[in-house]
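Source file: target-v8.cif (mmCIF, C-alpha atoms and all ligand atoms)
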data_structure
loop_
_atom_site.label_atom_id
_atom_site.label_comp_id
_atom_site.auth_asym_id
_atom_site.auth_seq_id
_atom_site.Cartn_x
_atom_site.Cartn_y
_atom_site.Cartn_z
CA MET A 1 27.86 3.76 16.07
CA LYS A 2 26.68 1.61 13.22
CA PRO A 3 22.92 1.29 12.77
CA ALA A 4 21.36 -2.13 12.52
CA SER A 5 20.69 -2.05 8.83
CA GLY A 6 21.20 -0.12 5.63
CA ASP A 7 21.18 3.64 5.34
CA THR A 8 23.49 5.59 7.60
CA SER A 9 23.05 9.05 6.11
CA GLY A 10 20.47 11.54 7.26
CA ARG A 11 16.85 10.84 8.00
CA VAL A 12 14.82 8.07 6.50
CA PRO A 13 12.33 9.66 4.12
CA ARG A 14 8.85 9.31 5.58
CA PRO A 15 7.20 8.27 2.32
CA ALA A 16 9.52 5.28 2.08
CA PHE A 17 8.49 4.22 5.54
CA LEU A 18 4.81 4.66 4.92
CA ARG A 19 5.20 2.60 1.75
CA LEU A 20 6.95 -0.10 3.70
CA ALA A 21 4.23 -0.06 6.33
CA ARG A 22 1.55 -0.37 3.67
CA GLN A 23 3.33 -3.24 1.96
CA LEU A 24 3.54 -5.01 5.27
CA THR A 25 -0.12 -4.58 6.01
CA LEU A 26 -2.29 -4.33 2.92
CA GLY A 27 -2.31 -7.98 1.89
CA GLY A 28 -3.46 -9.05 5.30
CA ALA A 29 -6.10 -6.34 5.44
CA LEU A 30 -8.02 -7.82 2.54
CA ALA A 31 -7.98 -11.27 4.05
CA ALA A 32 -8.78 -10.19 7.58
CA ALA A 33 -11.19 -7.28 7.10
CA PRO A 34 -14.05 -7.69 9.57
CA ALA A 35 -16.98 -7.84 7.17
CA VAL A 36 -19.36 -9.48 9.64
CA ALA A 37 -19.61 -8.43 13.28
CA GLY A 38 -19.94 -12.05 14.43
CA PRO A 39 -20.63 -13.25 17.96
CA SER A 40 -19.99 -10.61 20.63
CA HIS A 41 -17.15 -12.43 22.29
CA GLY A 42 -13.58 -11.15 22.47
CA GLU A 43 -11.91 -14.37 21.46
CA MET A 44 -14.18 -15.02 18.48
CA LEU A 45 -13.81 -11.44 17.29
CA GLY A 46 -10.08 -11.58 17.91
CA THR A 47 -9.55 -14.27 15.28
CA GLY A 48 -9.86 -11.45 12.73
CA CYS A 49 -6.69 -9.90 14.11
CA THR A 50 -4.32 -12.85 14.19
CA GLY A 51 -3.53 -12.77 10.45
CA CYS A 52 -1.48 -9.65 11.14
CA HIS A 53 -0.82 -9.65 14.88
CA GLY A 54 0.16 -13.33 14.94
CA PRO A 55 -1.41 -16.40 16.55
CA ASP A 56 -3.17 -15.31 19.76
CA GLY A 57 -1.80 -11.79 19.25
CA VAL A 58 1.89 -12.71 19.50
CA SER A 59 3.57 -11.18 16.46
CA THR A 60 5.74 -13.37 14.28
CA GLY A 61 7.21 -10.52 12.20
CA ASN A 62 9.10 -7.28 12.73
CA GLY A 63 6.62 -4.68 11.58
CA ILE A 64 3.32 -5.42 13.30
CA PRO A 65 3.20 -5.20 17.08
CA SER A 66 2.32 -7.97 19.50
CA ILE A 67 -0.90 -7.17 21.33
CA ALA A 68 -1.28 -10.21 23.62
CA GLY A 69 -0.56 -9.25 27.22
CA LEU A 70 -0.65 -5.46 26.84
CA ASP A 71 -2.72 -3.64 29.46
CA LYS A 72 -6.38 -4.07 28.52
CA PHE A 73 -7.29 -0.44 29.24
CA TYR A 74 -4.46 0.71 26.99
CA LEU A 75 -5.61 -1.70 24.27
CA ALA A 76 -9.21 -0.51 24.49
CA ARG A 77 -8.21 3.14 24.41
CA ALA A 78 -5.82 2.63 21.49
CA MET A 79 -8.47 0.85 19.43
CA VAL A 80 -11.17 3.44 20.11
CA GLN A 81 -8.66 6.16 19.20
CA PHE A 82 -7.81 4.36 15.94
CA LYS A 83 -11.52 4.21 15.17
CA ASN A 84 -12.05 7.91 15.89
CA ALA A 85 -8.93 8.93 13.91
CA GLU A 86 -7.34 10.23 17.12
CA ARG A 87 -4.31 7.96 16.74
CA PRO A 88 -2.19 7.74 13.59
CA SER A 89 -2.26 4.48 11.72
CA THR A 90 -1.60 2.97 8.35
CA ILE A 91 -4.32 0.39 8.64
CA MET A 92 -5.84 0.14 12.13
CA GLY A 93 -8.15 3.13 11.63
CA ARG A 94 -9.93 1.35 8.83
CA ILE A 95 -10.03 -1.95 10.70
CA ALA A 96 -11.32 -0.49 13.96
CA THR A 97 -14.29 1.22 12.28
CA GLY A 98 -15.63 -2.29 11.57
CA TYR A 99 -16.42 -2.80 15.26
CA THR A 100 -18.56 -1.20 17.95
CA ASP A 101 -16.79 0.26 21.00
CA THR A 102 -18.15 -2.63 23.06
CA GLU A 103 -16.63 -5.16 20.65
CA LEU A 104 -13.30 -3.33 20.76
CA ARG A 105 -13.37 -3.54 24.58
CA GLN A 106 -14.22 -7.25 24.46
CA MET A 107 -11.21 -7.86 22.25
CA ALA A 108 -9.05 -5.67 24.49
CA LYS A 109 -10.03 -7.81 27.46
CA TYR A 110 -9.34 -11.01 25.55
CA PHE A 111 -5.88 -9.97 24.31
CA GLY A 112 -5.05 -8.20 27.58
CA ASP A 113 -5.64 -11.37 29.59
CA LEU A 114 -3.18 -13.41 27.50
CA ALA A 115 0.48 -13.75 28.51
CA TRP A 116 3.09 -11.41 27.03
CA SER A 117 5.71 -13.07 24.82
CA GLY A 118 8.73 -11.04 23.74
CA TRP A 119 10.22 -10.58 20.28
CA GLN A 120 12.50 -13.49 19.35
CA GLY A 121 14.92 -11.82 16.91
CA THR A 122 18.71 -11.50 17.08
CA PRO A 123 20.09 -8.71 19.28
CA ASP A 124 22.14 -6.02 17.51
CA ALA A 125 25.01 -5.51 19.93
CA ALA A 126 26.56 -2.52 18.14
CA ALA A 127 23.54 -0.30 18.65
CA LEU A 128 22.70 -1.27 22.19
CA ASP A 129 25.18 0.81 24.22
CA GLU A 130 24.24 4.12 22.65
CA ALA A 131 20.55 3.28 22.98
CA ARG A 132 20.91 2.29 26.62
CA ARG A 133 22.57 5.63 27.34
CA ILE A 134 19.67 7.53 25.72
CA HIS A 135 17.16 5.35 27.50
CA ASP A 136 18.74 6.05 30.90
CA GLU A 137 18.95 9.77 30.24
CA VAL A 138 15.53 10.63 28.84
CA CYS A 139 13.18 7.66 28.50
CA ALA A 140 13.60 5.67 31.72
CA GLU A 141 11.72 8.25 33.76
CA CYS A 142 8.49 6.99 32.19
CA HIS A 143 9.38 3.71 30.47
CA GLU A 144 10.64 2.15 33.67
CA GLN A 145 12.37 -1.26 33.89
CA GLU A 146 13.96 -0.95 30.43
CA GLY A 147 10.52 -0.47 28.92
CA ARG A 148 8.84 -3.40 30.66
CA HIS A 149 6.59 -1.18 32.73
CA GLN A 150 3.04 -0.73 31.45
CA ASP A 151 -0.15 0.76 32.77
CA ARG A 152 -3.35 2.26 31.42
CA GLU A 153 -1.45 5.27 30.06
CA MET A 154 1.31 3.50 28.20
CA PRO A 155 2.12 0.18 26.58
CA ARG A 156 5.02 -2.05 27.39
CA ILE A 157 7.75 -1.48 24.77
CA ALA A 158 10.33 -4.05 25.96
CA GLY A 159 10.22 -7.07 23.65
CA GLN A 160 7.98 -5.35 21.10
CA CYS A 161 8.80 -5.87 17.39
CA PRO A 162 11.68 -3.60 16.30
CA ASP A 163 10.34 -2.30 13.00
CA TYR A 164 7.02 -1.44 14.60
CA LEU A 165 8.86 0.46 17.35
CA PHE A 166 11.01 2.29 14.78
CA LEU A 167 7.98 3.35 12.78
CA ALA A 168 6.21 4.45 15.98
CA LEU A 169 9.25 6.48 17.07
CA LEU A 170 9.41 8.26 13.70
CA GLN A 171 5.73 9.12 13.99
CA TYR A 172 6.06 10.32 17.58
CA ARG A 173 9.15 12.40 16.80
CA ASP A 174 7.70 14.00 13.64
CA PRO A 175 3.97 14.28 14.34
CA GLN A 176 2.01 15.28 11.26
CA ASP A 177 -0.87 17.74 11.64
CA LYS A 178 -3.68 15.28 11.23
CA GLU A 179 -2.09 12.28 12.84
CA LYS A 180 -0.62 13.39 16.15
CA PRO A 181 0.10 10.48 18.46
CA PRO A 182 -1.35 11.05 21.94
CA GLN A 183 2.00 11.41 23.71
CA PRO A 184 3.12 13.48 26.72
CA ASP A 185 4.89 16.74 25.77
CA LYS A 186 7.91 15.50 27.63
CA MET A 187 8.24 12.50 25.36
CA LEU A 188 8.09 14.70 22.27
CA GLN A 189 10.82 16.89 23.77
CA ALA A 190 12.92 13.82 24.53
CA LEU A 191 12.57 12.51 20.97
CA GLN A 192 13.03 15.66 18.93
CA PRO A 193 16.82 15.98 19.27
CA LEU A 194 17.33 12.33 18.29
CA SER A 195 18.48 11.24 14.80
CA ASP A 196 16.94 8.42 12.77
CA GLU A 197 20.01 6.37 13.59
CA GLN A 198 19.39 6.82 17.31
CA LEU A 199 15.71 5.92 16.93
CA LEU A 200 16.69 2.79 15.03
CA ALA A 201 19.10 1.89 17.85
CA LEU A 202 16.41 2.50 20.47
CA SER A 203 13.95 0.28 18.58
CA ARG A 204 16.52 -2.55 18.63
CA TYR A 205 17.36 -1.89 22.27
CA TYR A 206 13.76 -2.21 23.45
CA ALA A 207 13.00 -5.16 21.16
CA THR A 208 15.80 -7.13 22.78
CA GLN A 209 14.62 -6.51 26.37
CA LYS A 210 12.63 -9.64 27.14
C1 LIG B 301 -3.92 -5.88 8.12
C2 LIG B 301 -3.12 -6.11 9.29
C3 LIG B 301 -3.80 -5.85 10.65
C4 LIG B 301 -4.97 -6.41 11.13
C5 LIG B 301 -5.93 -7.38 10.44
C6 LIG B 301 -5.12 -5.91 12.47
N1 LIG B 301 -4.08 -5.08 12.79
FE1 LIG B 301 -3.82 -4.08 14.57
N2 LIG B 301 -2.15 -3.16 13.83
C7 LIG B 301 -1.64 -3.34 12.55
C8 LIG B 301 -0.58 -2.36 12.33
C9 LIG B 301 0.25 -2.21 11.07
C10 LIG B 301 -0.47 -1.62 13.52
C11 LIG B 301 0.42 -0.38 13.78
C12 LIG B 301 -0.49 0.85 13.58
C13 LIG B 301 -0.85 1.06 12.12
O1 LIG B 301 0.04 1.43 11.35
O2 LIG B 301 -2.03 0.85 11.72
C14 LIG B 301 -1.45 -2.16 14.45
C15 LIG B 301 -1.62 -1.69 15.74
C16 LIG B 301 -2.54 -2.20 16.65
C17 LIG B 301 -2.65 -1.83 18.03
C18 LIG B 301 -1.75 -0.84 18.78
C19 LIG B 301 -0.65 -1.60 19.52
C20 LIG B 301 0.25 -0.68 20.35
O3 LIG B 301 1.23 -1.22 20.94
O4 LIG B 301 0.02 0.54 20.44
C21 LIG B 301 -3.70 -2.52 18.57
C22 LIG B 301 -4.21 -2.45 19.99
C23 LIG B 301 -4.25 -3.35 17.51
N3 LIG B 301 -3.51 -3.13 16.36
C24 LIG B 301 -5.31 -4.22 17.66
C25 LIG B 301 -5.89 -4.97 16.63
C26 LIG B 301 -7.07 -5.77 16.77
C27 LIG B 301 -7.83 -5.98 18.07
C28 LIG B 301 -7.32 -6.31 15.55
C29 LIG B 301 -8.50 -7.18 15.13
C30 LIG B 301 -9.80 -6.54 15.20
C31 LIG B 301 -6.29 -5.86 14.63
N4 LIG B 301 -5.45 -5.05 15.33
C32 LIG B 301 -6.19 -6.24 13.30
C33 LIG B 301 -2.07 -4.27 11.61
C34 LIG B 301 -3.25 -5.01 11.70
C1 LIG B 302 6.88 11.81 30.19
C2 LIG B 302 6.82 10.35 30.04
C3 LIG B 302 7.49 9.77 28.80
C4 LIG B 302 8.79 9.94 28.34
C5 LIG B 302 9.87 10.85 28.91
C6 LIG B 302 8.93 9.09 27.19
N1 LIG B 302 7.76 8.42 26.95
FE1 LIG B 302 7.41 7.11 25.44
N2 LIG B 302 5.42 7.03 25.94
C7 LIG B 302 4.86 7.62 27.04
C8 LIG B 302 3.42 7.39 27.04
C9 LIG B 302 2.42 7.85 28.08
C10 LIG B 302 3.16 6.64 25.86
C11 LIG B 302 1.79 6.15 25.34
C12 LIG B 302 1.20 7.24 24.48
C13 LIG B 302 0.04 6.71 23.65
O1 LIG B 302 -1.06 6.60 24.17
O2 LIG B 302 0.29 6.41 22.49
C14 LIG B 302 4.44 6.42 25.20
C15 LIG B 302 4.61 5.71 24.00
C16 LIG B 302 5.83 5.33 23.48
C17 LIG B 302 6.03 4.45 22.35
C18 LIG B 302 4.92 3.82 21.50
C19 LIG B 302 4.63 2.43 21.96
C20 LIG B 302 3.55 1.73 21.14
O3 LIG B 302 3.47 0.49 21.25
O4 LIG B 302 2.79 2.40 20.43
C21 LIG B 302 7.37 4.33 22.17
C22 LIG B 302 8.07 3.47 21.13
C23 LIG B 302 8.02 5.15 23.18
N3 LIG B 302 7.06 5.74 23.95
C24 LIG B 302 9.39 5.31 23.30
C25 LIG B 302 9.99 6.32 24.06
C26 LIG B 302 11.40 6.67 23.99
C27 LIG B 302 12.41 5.98 23.11
C28 LIG B 302 11.59 7.70 24.86
C29 LIG B 302 12.88 8.45 25.14
C30 LIG B 302 13.53 9.04 23.99
C31 LIG B 302 10.30 8.00 25.48
N4 LIG B 302 9.37 7.15 24.95
C32 LIG B 302 10.10 8.97 26.45
C33 LIG B 302 5.54 8.34 28.03
C34 LIG B 302 6.85 8.80 27.91
#
Just dump the structure as structure tokens.
Amino acid sequence: MKPASGDTSGRVPRPAFLRLARQLTLGGALAAAPAVAGPSHGEMLGTGCTGCHGPDGVSTGNGIPSIAGLDKFYLARAMVQFKNAERPSTIMGRIATGYTDTELRQMAKYFGDLAWSGWQGTPDAAALDEARRIHDEVCAECHEQEGRHQDREMPRIAGQCPDYLFLALLQYRDPQDKEKPPQPDKMLQALQPLSDEQLLALSRYYATQK
């Protein structure tokens, strides 16, 4: 199988990925940092997020996830975990500390009530068959309906941005001591035998499920 882009040999070095993630995010952070708490209304507060997460929380890039239309309990939990350093992040930890838990929940409700809109990129046919096989074997048990299923425990991954998914999969497969993603043991076990190439294929597979 040929991966979607670039390097075919071995694992992608983590530092390169973290650098990429920081490049993608740092510029926006300065512009969008929540200096003032503002009115306690999810939509008003949420305008501070759209510089990175896209207009109304629908991402326009590859690296930063869409948040519009994810389950609002998942959104609230994820943001509180970012704030409390219980969820690994390049940037969200710092952003979330600018808000009270109540404000984070107000934003979660606002973004959660919006409609989901899937990633609009070009499918990578070469990677999809292998990824579908892995999905059926070890991921479908939880990520039902090709990753469209979501509930308060897990986000929808179908139609999410591919580079964000790839970065997330690397973090979930290789959890670092201080930044362990809150995942079920079974997911860790499912991911650990997979190569970077397979994770890249999976990220493309889910991104192209509308
Ligand atoms: C500077 C860019 C930036 C800004 C501004 C930003 N985010 Fe994020 N967000 C990210 C990145 C990058 C990630 C992936 C996690 C990480 O590396 O920090 C993320 C992840 C998330 C996630 C997790 C999504 C998932 O599927 O698990 C949520 C929820 C979220 N952000 C909400 C918000 C909210 C609400 C705001 C506004 C208060 C906001 N973000 C502002 C860049 C940003
Ligand atoms: C035992 C159930 C289970 C299995 C098996 C499982 N997952 Fe997950 N997955 C979850 C849960 C629950 C979460 C949410 C964890 C959290 O709070 O971050 C999650 C999160 C994710 C995320 C992060 C989404 C985001 O927006 O942050 C990705 C990507 C993902 N899973 C992909 C996979 C892939 C690929 C496989 C198969 C190799 C897999 N999962 C197997 C339950 C599972």
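Our summary of the geometry notes that atom CA of Gly69 of chain A is positioned 6.0 Å from atom CA of Asp113 of chain A.
Closest approach to ligand LIG 302 (chain B) from the set A:Ala125, A:Ala96, A:Ala108, A:Ile67 is made by A:Ile67, with distances taken over only C-alpha atoms and all ligand atoms.
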* To do: Kindly indicate which residue among A:Gly98, A:Gly54, A:Gly48, A:Gly147 lies nearest to ligand LIG 302 (chain B), using all atoms listed in the file for the distances.
  => A:Gly147
* **Selection as a ChimeraX atom specification: residues within 10 Å of (8.3, 13.9, 25.2), counting all atoms listed in the file** => /A:138-139,142,172-173,183-192
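Of the listed residues (A:Leu202, A:Met44, A:Ala85, A:Val80), A:Val80 comes nearest to Thr100 of chain A; the distances count only C-alpha atoms.
Closest approach to ligand LIG 301 (chain B) from the set A:Leu165, A:Leu200, A:Leu114, A:Ala131 is made by A:Leu165, with distances taken over only C-alpha atoms and all ligand atoms.
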* Near segment 59-62 of chain A, within 10 Å and counting only C-alpha atoms, which residues show up once chain neighbours fewer than 3 positions away are dropped, as a PyMOL selection string? -> chain A and resi 24+50-56+65-68+117-121+160-166+207
* **Between atom CA of Gln145 of chain A and atom CA of Thr90 of chain A - distance in Å to one decimal** => 29.4 Å
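Among A:Met107, A:Leu194, A:Leu169, A:Ala158, the residue with the shortest atom-to-atom distance to ligand LIG 301 (chain B), counting all atoms listed in the file, is A:Met107.
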Per-axis box centre and lengths in Å around ligand LIG 301 (chain B), 3 Å margin per side, axis-aligned, as AutoDock Vina command-line options:
--center_x -4.3 --center_y -3.0 --center_z 14.5 --size_x 17.0 --size_y 14.8 --size_z 18.8
* Structure fact -> Students should find that atom CA of Gln209 of chain A and atom C33 of ligand LIG 302 (chain B) are spaced 17.5 Å
